[in-house]
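Below: final16.txt (compact mmCIF, C-alpha atoms and all ligand atoms)
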# COMPACT_ATOMS: atom_id res chain seq x y z
CA LYS G 1 15.57 -16.59 5.39
CA PRO G 2 12.37 -14.51 5.29
CA ARG G 3 12.31 -11.50 3.03
CA ILE G 4 9.58 -8.88 2.94
CA PHE G 5 8.53 -6.93 -0.11
CA SER G 6 5.77 -4.35 -0.40
CA GLY G 7 4.89 -1.37 -2.53
CA ILE G 8 2.80 1.77 -2.70
CA GLN G 9 1.63 3.51 -5.86
CA PRO G 10 2.72 7.14 -6.22
CA SER G 11 -0.56 7.89 -7.99
CA GLY G 12 -1.48 10.59 -5.46
CA GLY G 13 -0.47 11.74 -2.01
CA LEU G 14 -0.45 9.05 0.66
CA THR G 15 -3.48 8.80 2.94
CA LEU G 16 -4.11 7.79 6.53
CA GLY G 17 -5.26 4.44 5.05
CA ASN G 18 -1.87 3.87 3.41
CA TYR G 19 -0.15 4.89 6.62
CA LEU G 20 -2.12 2.71 9.04
CA GLY G 21 -2.71 -0.22 6.69
CA ALA G 22 0.76 -0.37 5.17
CA LEU G 23 3.51 2.16 5.88
CA ARG G 24 3.42 1.99 9.66
CA ARG G 25 3.56 -1.79 9.47
CA PHE G 26 6.50 -1.61 7.03
CA VAL G 27 8.41 0.22 9.74
CA GLU G 28 7.46 -2.39 12.36
CA LYS G 29 8.74 -5.19 10.10
CA GLN G 30 12.00 -3.34 9.50
CA ASP G 31 12.40 -2.81 13.24
CA GLU G 32 11.86 -6.55 13.86
CA GLY G 33 15.09 -7.04 11.95
CA ILE G 34 13.60 -8.83 8.92
CA GLU G 35 15.10 -8.08 5.50
CA THR G 36 12.72 -5.48 4.03
CA ILE G 37 12.41 -4.17 0.48
CA TYR G 38 9.98 -1.31 -0.17
CA CYS G 39 9.08 0.14 -3.51
CA LEU G 40 7.30 3.14 -4.99
CA VAL G 41 5.60 1.44 -7.90
CA ASP G 42 5.72 4.17 -10.52
CA MET G 43 5.06 1.71 -13.35
CA HIS G 44 1.86 0.58 -11.67
CA ALA G 45 0.84 4.22 -11.30
CA ILE G 46 0.83 4.83 -15.06
CA THR G 47 -1.77 2.10 -15.64
CA VAL G 48 -4.03 5.13 -15.34
CA TRP G 49 -2.93 8.50 -16.75
CA GLN G 50 -0.34 10.40 -14.68
CA ASP G 51 0.96 13.82 -15.50
CA PRO G 52 4.78 13.33 -15.69
CA ALA G 53 5.73 16.29 -13.49
CA ARG G 54 3.20 15.24 -10.88
CA LEU G 55 4.30 11.61 -10.98
CA ARG G 56 7.89 12.69 -10.31
CA GLN G 57 6.74 14.90 -7.44
CA GLN G 58 4.48 12.20 -5.95
CA THR G 59 7.23 9.59 -6.15
CA ARG G 60 9.60 11.84 -4.21
CA GLU G 61 6.84 12.73 -1.78
CA GLY G 62 6.08 9.02 -1.30
CA ALA G 63 9.74 8.35 -0.60
CA ALA G 64 9.76 11.25 1.88
CA ALA G 65 6.72 9.69 3.60
CA PHE G 66 8.53 6.36 3.97
CA LEU G 67 11.58 8.07 5.45
CA ALA G 68 9.54 10.34 7.71
CA ALA G 69 7.52 7.39 8.99
CA GLY G 70 10.72 5.64 10.05
CA ILE G 71 12.05 3.65 7.12
CA ASP G 72 15.83 3.69 7.47
CA PRO G 73 17.56 3.34 4.09
CA ALA G 74 20.51 1.69 5.81
CA ARG G 75 18.31 -1.16 7.07
CA SER G 76 15.61 -1.33 4.36
CA ILE G 77 15.94 -1.11 0.60
CA LEU G 78 13.83 1.82 -0.63
CA PHE G 79 13.56 2.50 -4.36
CA ASN G 80 11.24 3.22 -7.25
CA GLN G 81 10.20 0.35 -9.47
CA SER G 82 11.17 1.72 -12.88
CA GLN G 83 14.86 1.90 -11.89
CA VAL G 84 15.06 -1.89 -11.59
CA SER G 85 14.20 -3.37 -14.97
CA ALA G 86 13.79 -6.90 -13.58
CA HIS G 87 10.23 -5.90 -12.60
CA ALA G 88 9.16 -5.20 -16.17
CA GLU G 89 11.07 -8.18 -17.55
CA LEU G 90 9.64 -10.71 -15.12
CA ALA G 91 6.18 -9.17 -15.55
CA TRP G 92 6.33 -10.08 -19.25
CA ILE G 93 7.09 -13.70 -18.41
CA PHE G 94 4.21 -13.67 -15.92
CA ASN G 95 1.90 -12.17 -18.56
CA CYS G 96 2.53 -15.39 -20.44
CA VAL G 97 1.84 -17.56 -17.38
CA ALA G 98 -1.28 -15.81 -16.03
CA ARG G 99 -4.62 -16.53 -17.72
CA MET G 100 -7.02 -13.90 -19.06
CA GLY G 101 -9.78 -15.44 -16.96
CA TRP G 102 -7.80 -14.98 -13.73
CA MET G 103 -7.21 -11.32 -14.49
CA GLY G 104 -10.82 -10.72 -15.45
CA ARG G 105 -11.95 -11.85 -11.99
CA MET G 106 -9.91 -9.22 -10.13
CA THR G 107 -12.39 -7.02 -8.26
CA GLN G 108 -10.01 -4.06 -8.29
CA PHE G 109 -9.84 -4.21 -12.09
CA LYS G 110 -13.62 -4.45 -12.32
CA ASP G 111 -14.04 -1.47 -9.97
CA LYS G 112 -11.47 0.67 -11.78
CA ALA G 113 -12.58 -0.28 -15.28
CA GLY G 114 -16.28 0.13 -14.45
CA LYS G 115 -18.63 -0.29 -17.38
CA ASN G 116 -16.07 1.14 -19.77
CA SER G 117 -13.54 -1.70 -19.84
CA GLU G 118 -12.95 -1.31 -23.61
CA ASN G 119 -11.29 2.01 -22.94
CA VAL G 120 -8.91 1.30 -20.05
CA SER G 121 -5.23 0.54 -20.61
CA LEU G 122 -4.00 -2.98 -21.22
CA GLY G 123 -1.61 -2.28 -18.34
CA LEU G 124 -4.52 -1.92 -15.93
CA PHE G 125 -5.67 -5.42 -16.87
CA ALA G 126 -2.14 -6.86 -16.54
CA TYR G 127 -1.48 -4.91 -13.31
CA PRO G 128 -1.50 -7.97 -11.00
CA ALA G 129 1.13 -9.78 -13.11
CA LEU G 130 3.50 -6.84 -12.58
CA MET G 131 2.68 -6.96 -8.88
CA ALA G 132 3.49 -10.68 -8.80
CA ALA G 133 6.77 -9.88 -10.54
CA ASP G 134 7.58 -7.21 -7.93
CA ILE G 135 7.38 -9.81 -5.20
CA MET G 136 8.80 -12.84 -7.01
CA ALA G 137 11.80 -10.96 -8.42
CA TYR G 138 13.13 -11.07 -4.86
CA HIS G 139 11.72 -14.46 -3.88
CA ALA G 140 9.95 -12.53 -1.12
CA THR G 141 7.62 -14.62 1.01
CA MET G 142 5.95 -12.06 3.26
CA VAL G 143 3.98 -9.11 1.96
CA PRO G 144 2.43 -6.63 4.41
CA VAL G 145 -0.63 -5.02 2.80
CA GLY G 146 -4.13 -3.71 3.55
CA GLU G 147 -7.19 -5.87 3.06
CA ASP G 148 -7.79 -4.62 -0.51
CA GLN G 149 -4.66 -6.34 -1.84
CA LYS G 150 -5.59 -9.83 -0.66
CA GLN G 151 -6.96 -11.00 -4.00
CA HIS G 152 -3.87 -9.76 -5.85
CA LEU G 153 -1.68 -11.79 -3.51
CA GLU G 154 -3.75 -14.90 -4.12
CA LEU G 155 -3.15 -14.35 -7.82
CA THR G 156 0.58 -13.94 -7.16
CA ARG G 157 0.49 -17.33 -5.50
CA ASP G 158 -1.40 -18.84 -8.47
CA ILE G 159 1.11 -17.44 -10.97
CA ALA G 160 4.07 -18.75 -8.96
CA ILE G 161 2.48 -22.21 -8.69
CA LYS G 162 1.63 -22.35 -12.40
CA PHE G 163 5.15 -21.29 -13.35
CA ASN G 164 6.62 -24.02 -11.15
CA ASN G 165 4.21 -26.61 -12.60
CA ASP G 166 4.59 -25.58 -16.24
CA TYR G 167 8.39 -25.66 -16.10
CA LYS G 168 8.57 -28.54 -13.61
CA VAL G 169 10.73 -26.61 -11.18
CA ASP G 170 10.51 -25.68 -7.54
CA PHE G 171 11.65 -22.13 -8.12
CA PHE G 172 9.19 -19.50 -6.90
CA PRO G 173 8.15 -19.58 -3.23
CA VAL G 174 4.60 -19.29 -1.96
CA VAL G 175 3.75 -15.81 -0.63
CA GLU G 176 1.99 -15.08 2.57
CA PRO G 177 -0.04 -11.88 2.91
CA LEU G 178 0.45 -10.08 6.22
CA ILE G 179 -2.87 -8.34 6.86
CA GLU G 180 -2.83 -7.39 10.52
CA GLY G 181 -4.08 -4.83 13.03
CA ALA G 182 -7.10 -2.59 13.62
CA ALA G 183 -6.70 -0.66 10.38
CA THR G 184 -6.43 -3.13 7.52
CA ARG G 185 -9.31 -1.33 5.85
CA VAL G 186 -9.65 2.37 6.71
CA MET G 187 -12.88 3.73 5.24
CA SER G 188 -13.78 7.05 3.63
CA LEU G 189 -14.75 9.86 6.05
CA ARG G 190 -17.75 10.61 3.83
CA ASP G 191 -19.06 7.06 3.33
CA GLY G 192 -18.31 4.23 5.75
CA THR G 193 -18.89 1.60 3.08
CA ARG G 194 -16.10 2.79 0.75
CA LYS G 195 -12.39 2.56 1.45
CA MET G 196 -10.34 5.69 2.01
CA SER G 197 -8.44 6.23 -1.25
CA LYS G 198 -5.93 8.63 -2.78
CA SER G 199 -8.01 8.63 -5.95
CA ASP G 200 -11.37 9.57 -4.38
CA PRO G 201 -12.48 12.86 -6.03
CA SER G 202 -13.46 14.30 -2.63
CA ASP G 203 -10.51 15.51 -0.56
CA GLN G 204 -12.89 15.55 2.45
CA SER G 205 -13.09 11.75 2.21
CA ARG G 206 -9.50 11.25 3.31
CA ILE G 207 -6.72 12.50 5.56
CA ASN G 208 -3.54 13.07 3.55
CA LEU G 209 -0.11 12.76 5.13
CA THR G 210 0.49 16.31 3.86
CA ASP G 211 -2.58 17.76 5.66
CA ASP G 212 -1.84 20.30 8.38
CA ALA G 213 -3.37 20.21 11.86
CA ASP G 214 -6.29 22.49 10.90
CA ALA G 215 -7.19 20.38 7.86
CA ILE G 216 -7.08 17.16 9.90
CA ALA G 217 -9.28 18.60 12.65
CA GLN G 218 -11.73 20.04 10.14
CA LYS G 219 -12.05 16.76 8.21
CA ILE G 220 -12.65 14.75 11.36
CA ARG G 221 -15.17 17.29 12.66
CA LYS G 222 -17.09 17.04 9.39
CA ALA G 223 -16.75 13.26 9.03
CA LYS G 224 -20.09 11.58 8.42
CA THR G 225 -21.59 9.88 11.50
CA ASP G 226 -24.98 8.78 12.75
CA PRO G 227 -26.83 10.63 15.54
CA GLU G 228 -26.38 7.94 18.22
CA PRO G 229 -23.73 8.15 20.95
CA LEU G 230 -20.93 5.57 20.92
CA PRO G 231 -22.08 2.12 22.09
CA GLU G 232 -21.32 0.43 25.39
CA SER G 233 -19.89 -2.64 23.68
CA ILE G 234 -18.19 -3.59 20.43
CA GLU G 235 -21.32 -5.38 19.11
CA GLY G 236 -23.04 -1.99 19.06
CA LEU G 237 -20.75 -0.91 16.20
CA ARG G 238 -21.94 -3.66 13.89
CA ASP G 239 -24.37 -1.76 11.67
CA ARG G 240 -22.67 1.60 12.11
CA PRO G 241 -19.89 1.67 9.50
CA GLU G 242 -18.93 5.33 10.03
CA ALA G 243 -18.79 5.03 13.82
CA ARG G 244 -16.87 1.79 13.55
CA ASN G 245 -14.38 3.36 11.16
CA LEU G 246 -13.63 6.28 13.49
CA VAL G 247 -13.23 3.93 16.44
CA ASN G 248 -10.89 1.71 14.41
CA ILE G 249 -8.80 4.71 13.38
CA TYR G 250 -8.60 5.82 17.01
CA ALA G 251 -7.52 2.35 18.11
CA ALA G 252 -4.88 2.06 15.39
CA LEU G 253 -3.44 5.52 16.07
CA ALA G 254 -3.43 5.05 19.86
CA GLY G 255 -2.08 1.51 19.67
CA HIS G 256 -5.07 0.30 21.72
CA THR G 257 -7.48 -2.51 20.98
CA VAL G 258 -10.92 -1.61 19.63
CA GLU G 259 -12.43 -3.06 22.83
CA GLN G 260 -10.35 -0.65 24.91
CA VAL G 261 -11.47 2.37 22.86
CA VAL G 262 -15.13 1.32 23.08
CA ARG G 263 -14.73 0.97 26.84
CA ASP G 264 -13.04 4.38 27.21
CA PHE G 265 -15.71 6.19 25.14
CA ALA G 266 -18.79 4.12 26.05
CA GLY G 267 -21.88 6.34 25.70
CA ALA G 268 -19.87 9.39 24.55
CA GLN G 269 -21.31 11.75 21.94
CA PHE G 270 -19.40 12.41 18.73
CA GLY G 271 -19.07 15.98 20.02
CA THR G 272 -16.67 14.53 22.59
CA PHE G 273 -15.14 11.70 20.60
CA LYS G 274 -14.30 13.61 17.42
CA PRO G 275 -12.13 16.29 19.09
CA ALA G 276 -10.28 13.54 20.99
CA LEU G 277 -9.68 11.70 17.73
CA ALA G 278 -8.57 14.90 16.00
CA ASP G 279 -6.07 15.65 18.79
CA LEU G 280 -4.70 12.12 18.59
CA ALA G 281 -4.43 12.21 14.80
CA VAL G 282 -2.63 15.55 14.86
CA ALA G 283 -0.24 14.34 17.58
CA LYS G 284 0.64 11.21 15.61
CA LEU G 285 0.72 12.65 12.10
CA SER G 286 2.13 16.15 12.40
CA PRO G 287 5.70 15.01 13.23
CA ILE G 288 5.60 12.91 10.04
CA THR G 289 4.24 15.79 7.96
CA GLU G 290 6.91 18.13 9.31
CA GLU G 291 9.68 15.65 8.55
CA MET G 292 8.28 15.10 5.03
CA ASN G 293 8.36 18.84 4.41
CA ARG G 294 11.94 19.01 5.61
CA LEU G 295 12.98 16.12 3.35
CA MET G 296 11.15 17.54 0.34
CA ALA G 297 13.31 20.66 0.54
CA ASP G 298 16.20 18.52 -0.77
CA PRO G 299 14.90 16.38 -3.67
CA GLY G 300 18.48 15.58 -4.71
CA GLU G 301 19.01 13.69 -1.45
CA ILE G 302 15.79 11.70 -1.99
CA ASP G 303 16.91 10.81 -5.51
CA ARG G 304 20.26 9.62 -4.13
CA ILE G 305 18.51 7.36 -1.62
CA LEU G 306 16.34 5.91 -4.42
CA ALA G 307 19.39 5.36 -6.63
CA ASP G 308 21.23 3.52 -3.87
CA GLY G 309 18.14 1.41 -3.08
CA SER G 310 17.73 0.59 -6.79
CA GLU G 311 21.28 -0.69 -7.04
CA ARG G 312 20.85 -2.92 -4.02
CA ALA G 313 17.47 -4.17 -5.30
CA ASP G 314 18.93 -4.88 -8.72
CA ALA G 315 21.75 -6.92 -7.18
CA ILE G 316 19.13 -9.28 -5.67
CA ALA G 317 16.67 -9.39 -8.57
CA ARG G 318 19.07 -9.71 -11.52
CA PRO G 319 20.45 -13.19 -10.67
CA ILE G 320 16.91 -14.46 -9.99
CA LEU G 321 15.76 -13.10 -13.34
CA GLU G 322 18.72 -14.74 -15.11
CA GLN G 323 17.61 -18.07 -13.66
CA VAL G 324 14.09 -17.43 -14.97
CA TYR G 325 15.46 -16.82 -18.45
CA ASP G 326 17.42 -20.03 -18.20
CA ILE G 327 14.40 -22.04 -16.98
CA THR G 328 12.21 -20.67 -19.79
CA GLY G 329 14.73 -21.46 -22.54
CA MET G 330 15.95 -17.99 -23.47
CA ILE G 331 19.48 -17.91 -24.88
CA ARG G 332 21.69 -15.54 -22.87
CA SER G 333 24.91 -15.57 -24.84
CA ARG G 334 26.35 -12.13 -24.16
P1 LIG Z 1 -1.88 1.16 -3.01
O1 LIG Z 1 -0.90 2.13 -3.52
O2 LIG Z 1 -3.31 1.30 -3.42
O3 LIG Z 1 -1.85 1.13 -1.44
C1 LIG Z 1 -0.63 0.93 -0.73
C2 LIG Z 1 -0.87 0.10 0.52
O4 LIG Z 1 -1.83 0.75 1.35
C3 LIG Z 1 -2.90 -0.13 1.65
N1 LIG Z 1 -4.14 0.65 1.71
C4 LIG Z 1 -4.96 0.66 2.74
N2 LIG Z 1 -4.93 0.02 3.92
C5 LIG Z 1 -5.95 0.25 4.79
N3 LIG Z 1 -6.99 1.09 4.50
C6 LIG Z 1 -7.07 1.75 3.33
N4 LIG Z 1 -8.08 2.58 3.06
C7 LIG Z 1 -6.01 1.54 2.37
N5 LIG Z 1 -5.77 2.03 1.14
C8 LIG Z 1 -4.62 1.46 0.74
C9 LIG Z 1 -2.92 -1.11 0.50
O5 LIG Z 1 -3.56 -2.32 0.85
C10 LIG Z 1 -1.45 -1.29 0.21
O6 LIG Z 1 -0.89 -2.23 1.10
N6 LIG Z 1 -1.11 -2.86 -5.83
C11 LIG Z 1 -0.63 -2.14 -4.67
C12 LIG Z 1 0.81 -1.70 -4.79
C13 LIG Z 1 1.76 -2.81 -5.09
C14 LIG Z 1 2.21 -3.82 -4.21
C15 LIG Z 1 3.14 -4.59 -4.96
C16 LIG Z 1 1.91 -4.15 -2.89
C17 LIG Z 1 2.42 -3.00 -6.26
N7 LIG Z 1 3.23 -4.06 -6.19
C18 LIG Z 1 3.76 -5.70 -4.39
C19 LIG Z 1 2.54 -5.24 -2.33
C20 LIG Z 1 3.45 -6.01 -3.08
C21 LIG Z 1 -1.48 -0.90 -4.51
O7 LIG Z 1 -2.09 -0.41 -5.43
O8 LIG Z 1 -1.40 -0.33 -3.31

As structure tokens, please, write out the structure in this file.
Ligand code: TYM
Amino acid sequence: KPRIFSGIQPSGGLTLGNYLGALRRFVEKQDEGIETIYCLVDMHAITVWQDPARLRQQTREGAAAFLAAGIDPARSILFNQSQVSAHAELAWIFNCVARMGWMGRMTQFKDKAGKNSENVSLGLFAYPALMAADIMAYHATMVPVGEDQKQHLELTRDIAIKFNNDYKVDFFPVVEPLIEGAATRVMSLRDGTRKMSKSDPSDQSRINLTDDADAIAQKIRKAKTDPEPLPESIEGLRDRPEARNLVNIYAALAGHTVEQVVRDFAGAQFGTFKPALADLAVAKLSPITEEMNRLMADPGEIDRILADGSERADAIARPILEQVYDITGMIRSR
């Protein structure tokens, strides 16, 4: 029986990239009736420094975003990672399966560590082993993510295969990344060659799920573009990363194909296209923002939902972890 797992780091407020590339697709998968487990990965977040009060706030806000976007805690399991200790326990085992060389090739590590890799946390280096543990603790086989997580999922697969080979078992399944739709890689509004990110220092580079209508309209109005009008055909977007990004965002928000959007706006100036995009973004996002604000007024209720999700997650992960301890030769005598 297929089981979906995916996670989002509460290392900042969620962006339009997280929404279109991940969250909105999490809701679709839930609504298709597949078993879905979604996690706010607070332990991943602290691989880089997080102020404790802000981490708590961002975790609740992330949970509110899931709920506001349509995650139903009766149909999906929604929880925060640190409440289910199987993640950390299995991650340790995977730290002993994964190879230093594999980790060193992760482009996200190289980007985040930059030239100063002596001074980043050991957790940042081991990050993908914890991510593999997140997925494998549930024997999940399908993982909806944006394009940027593809390499981490290949590593998850490598870890699972090596574990099975080393211990001569057929225990962990092979994962399949689900990277689908027009918005698997939403780019920065300031630079069409960089991805939109919660950690970009410029707030103008992204649309946050907490932005109000004025902020959204202002950011889209000021988004970097080139001086040309929109092309007559999709090939005309090829060397125009900023134009292509805005068209992709439009398509994803409207639920149209990119071809359709190019056809509808063929030859239009950005002076016409940007206000249309801003109106669409506000129409799609403001109900979510309003619902998030409503939910955030009752943090106790959010914490109760996370507690309930954690219990249900633990009930699945704990027996799997016990089998891992057995396979690896750990005595479990109490
Ligand atoms: P994170 O928190 O960076 O992002 C959460 C999800 O949003 C997607 N995403 C984007 N999609 C399109 N355009 C963008 N600009 C964009 N930015 C982010 C990401 O691909 C991701 O799907 N390591 C993961 C969290 C994680 C996880 C897991 C995911 C931890 N354990 C297990 C899946 C399964 C991360 O940092 O995502």

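Of the listed residues (G:Glu322, G:Asp31, G:Glu147, G:Glu118), G:Glu147 comes nearest to G:Ala182; the distances count all atoms listed in the file.
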
Exercise: G:Leu230 partners within 7 Å, all atoms listed in the file, chain neighbours under 3 positions left out, as a ChimeraX atom specification
/G:265-269

What residues have any atom no more than 9 Å from ligand LIG 1 (chain Z) when counting only C-alpha atoms and all ligand atoms, and can you list them as a compact mmCIF listing (two decimals) with C-alpha atoms, in the coordinates of the input?
# COMPACT_ATOMS: atom_id res chain seq x y z
CA PHE G 5 8.53 -6.93 -0.11
CA SER G 6 5.77 -4.35 -0.40
CA GLY G 7 4.89 -1.37 -2.53
CA ILE G 8 2.80 1.77 -2.70
CA GLN G 9 1.63 3.51 -5.86
CA PRO G 10 2.72 7.14 -6.22
CA SER G 11 -0.56 7.89 -7.99
CA GLY G 12 -1.48 10.59 -5.46
CA LEU G 14 -0.45 9.05 0.66
CA THR G 15 -3.48 8.80 2.94
CA LEU G 16 -4.11 7.79 6.53
CA GLY G 17 -5.26 4.44 5.05
CA ASN G 18 -1.87 3.87 3.41
CA TYR G 19 -0.15 4.89 6.62
CA LEU G 20 -2.12 2.71 9.04
CA GLY G 21 -2.71 -0.22 6.69
CA ALA G 22 0.76 -0.37 5.17
CA LEU G 23 3.51 2.16 5.88
CA TYR G 38 9.98 -1.31 -0.17
CA CYS G 39 9.08 0.14 -3.51
CA LEU G 40 7.30 3.14 -4.99
CA VAL G 41 5.60 1.44 -7.90
CA ASP G 42 5.72 4.17 -10.52
CA MET G 43 5.06 1.71 -13.35
CA HIS G 44 1.86 0.58 -11.67
CA ALA G 45 0.84 4.22 -11.30
CA GLN G 81 10.20 0.35 -9.47
CA TYR G 127 -1.48 -4.91 -13.31
CA PRO G 128 -1.50 -7.97 -11.00
CA LEU G 130 3.50 -6.84 -12.58
CA MET G 131 2.68 -6.96 -8.88
CA ALA G 132 3.49 -10.68 -8.80
CA ALA G 133 6.77 -9.88 -10.54
CA ASP G 134 7.58 -7.21 -7.93
CA ILE G 135 7.38 -9.81 -5.20
CA VAL G 143 3.98 -9.11 1.96
CA PRO G 144 2.43 -6.63 4.41
CA VAL G 145 -0.63 -5.02 2.80
CA GLY G 146 -4.13 -3.71 3.55
CA GLU G 147 -7.19 -5.87 3.06
CA ASP G 148 -7.79 -4.62 -0.51
CA GLN G 149 -4.66 -6.34 -1.84
CA LYS G 150 -5.59 -9.83 -0.66
CA HIS G 152 -3.87 -9.76 -5.85
CA LEU G 153 -1.68 -11.79 -3.51
CA PRO G 177 -0.04 -11.88 2.91
CA ILE G 179 -2.87 -8.34 6.86
CA ALA G 183 -6.70 -0.66 10.38
CA THR G 184 -6.43 -3.13 7.52
CA ARG G 185 -9.31 -1.33 5.85
CA VAL G 186 -9.65 2.37 6.71
CA MET G 187 -12.88 3.73 5.24
CA SER G 188 -13.78 7.05 3.63
CA ARG G 194 -16.10 2.79 0.75
CA LYS G 195 -12.39 2.56 1.45
CA MET G 196 -10.34 5.69 2.01
CA SER G 197 -8.44 6.23 -1.25
CA LYS G 198 -5.93 8.63 -2.78
CA ARG G 206 -9.50 11.25 3.31

Stretch 214-225 of chain G environment, 10 Å, all atoms listed in the file, sequence neighbours closer than 5 positions dropped, as a ChimeraX atom specification
/G:188-192,203-209,240-246,270-271,273-282,285-286

Atom CA of G:Leu67 to atom CA of G:Ser310 measures 15.6 Å

Using C-alpha atoms, give me stretch 13-77 of chain G from the structure I just pasted, as a PDB file, in the first residue's frame.
ATOM      1  CA  GLY G  13       8.106  31.609   7.039  1.00  0.00           C
ATOM      2  CA  LEU G  14       6.851  29.527   4.129  1.00  0.00           C
ATOM      3  CA  THR G  15       7.176  31.009   0.639  1.00  0.00           C
ATOM      4  CA  LEU G  16       5.228  30.799  -2.595  1.00  0.00           C
ATOM      5  CA  GLY G  17       7.910  28.283  -3.680  1.00  0.00           C
ATOM      6  CA  ASN G  18       7.103  25.986  -0.752  1.00  0.00           C
ATOM      7  CA  TYR G  19       3.414  26.386  -1.454  1.00  0.00           C
ATOM      8  CA  LEU G  20       3.466  25.684  -5.200  1.00  0.00           C
ATOM      9  CA  GLY G  21       6.321  23.166  -5.180  1.00  0.00           C
ATOM     10  CA  ALA G  22       5.270  21.216  -2.100  1.00  0.00           C
ATOM     11  CA  LEU G  23       2.353  22.167   0.138  1.00  0.00           C
ATOM     12  CA  ARG G  24      -0.299  22.458  -2.544  1.00  0.00           C
ATOM     13  CA  ARG G  25       0.742  19.074  -3.907  1.00  0.00           C
ATOM     14  CA  PHE G  26       0.614  17.576  -0.394  1.00  0.00           C
ATOM     15  CA  VAL G  27      -3.053  18.527  -0.314  1.00  0.00           C
ATOM     16  CA  GLU G  28      -3.675  16.980  -3.741  1.00  0.00           C
ATOM     17  CA  LYS G  29      -2.109  13.697  -2.601  1.00  0.00           C
ATOM     18  CA  GLN G  30      -4.215  13.675   0.553  1.00  0.00           C
ATOM     19  CA  ASP G  31      -7.332  14.334  -1.516  1.00  0.00           C
ATOM     20  CA  GLU G  32      -6.462  11.403  -3.812  1.00  0.00           C
ATOM     21  CA  GLY G  33      -6.981   9.222  -0.765  1.00  0.00           C
ATOM     22  CA  ILE G  34      -3.363   8.072  -0.365  1.00  0.00           C
ATOM     23  CA  GLU G  35      -2.017   7.648   3.177  1.00  0.00           C
ATOM     24  CA  THR G  36      -0.123  10.899   3.800  1.00  0.00           C
ATOM     25  CA  ILE G  37       2.320  11.826   6.565  1.00  0.00           C
ATOM     26  CA  TYR G  38       3.574  15.410   6.717  1.00  0.00           C
ATOM     27  CA  CYS G  39       6.200  16.765   9.032  1.00  0.00           C
ATOM     28  CA  LEU G  40       7.616  20.077  10.205  1.00  0.00           C
ATOM     29  CA  VAL G  41      11.260  19.109  10.428  1.00  0.00           C
ATOM     30  CA  ASP G  42      12.378  21.157  13.411  1.00  0.00           C
ATOM     31  CA  MET G  43      15.503  19.038  13.905  1.00  0.00           C
ATOM     32  CA  HIS G  44      16.600  19.762  10.357  1.00  0.00           C
ATOM     33  CA  ALA G  45      16.021  23.463  11.002  1.00  0.00           C
ATOM     34  CA  ILE G  46      18.609  23.608  13.793  1.00  0.00           C
ATOM     35  CA  THR G  47      21.391  22.425  11.473  1.00  0.00           C
ATOM     36  CA  VAL G  48      21.803  26.181  11.157  1.00  0.00           C
ATOM     37  CA  TRP G  49      21.256  28.437  14.172  1.00  0.00           C
ATOM     38  CA  GLN G  50      17.606  29.068  15.137  1.00  0.00           C
ATOM     39  CA  ASP G  51      16.493  31.332  17.906  1.00  0.00           C
ATOM     40  CA  PRO G  52      14.338  29.049  20.155  1.00  0.00           C
ATOM     41  CA  ALA G  53      11.362  31.397  20.469  1.00  0.00           C
ATOM     42  CA  ARG G  54      11.331  31.973  16.728  1.00  0.00           C
ATOM     43  CA  LEU G  55      11.660  28.267  15.953  1.00  0.00           C
ATOM     44  CA  ARG G  56       8.617  27.560  18.130  1.00  0.00           C
ATOM     45  CA  GLN G  57       6.674  30.331  16.404  1.00  0.00           C
ATOM     46  CA  GLN G  58       7.728  29.223  12.903  1.00  0.00           C
ATOM     47  CA  THR G  59       6.821  25.606  13.628  1.00  0.00           C
ATOM     48  CA  ARG G  60       3.313  26.628  14.689  1.00  0.00           C
ATOM     49  CA  GLU G  61       3.057  28.978  11.739  1.00  0.00           C
ATOM     50  CA  GLY G  62       4.164  26.166   9.410  1.00  0.00           C
ATOM     51  CA  ALA G  63       1.506  23.900  10.878  1.00  0.00           C
ATOM     52  CA  ALA G  64      -1.070  26.672  10.420  1.00  0.00           C
ATOM     53  CA  ALA G  65       0.006  26.951   6.763  1.00  0.00           C
ATOM     54  CA  PHE G  66      -0.533  23.214   6.225  1.00  0.00           C
ATOM     55  CA  LEU G  67      -3.990  23.391   7.784  1.00  0.00           C
ATOM     56  CA  ALA G  68      -4.948  26.587   5.961  1.00  0.00           C
ATOM     57  CA  ALA G  69      -3.824  25.116   2.638  1.00  0.00           C
ATOM     58  CA  GLY G  70      -6.164  22.164   3.136  1.00  0.00           C
ATOM     59  CA  ILE G  71      -4.344  19.493   5.110  1.00  0.00           C
ATOM     60  CA  ASP G  72      -6.998  17.746   7.179  1.00  0.00           C
ATOM     61  CA  PRO G  73      -5.543  16.260  10.377  1.00  0.00           C
ATOM     62  CA  ALA G  74      -8.226  13.584  10.310  1.00  0.00           C
ATOM     63  CA  ARG G  75      -7.009  12.291   6.940  1.00  0.00           C
ATOM     64  CA  SER G  76      -3.281  13.154   7.060  1.00  0.00           C
ATOM     65  CA  ILE G  77      -0.810  12.800   9.899  1.00  0.00           C
TER      66      ILE G  77
END
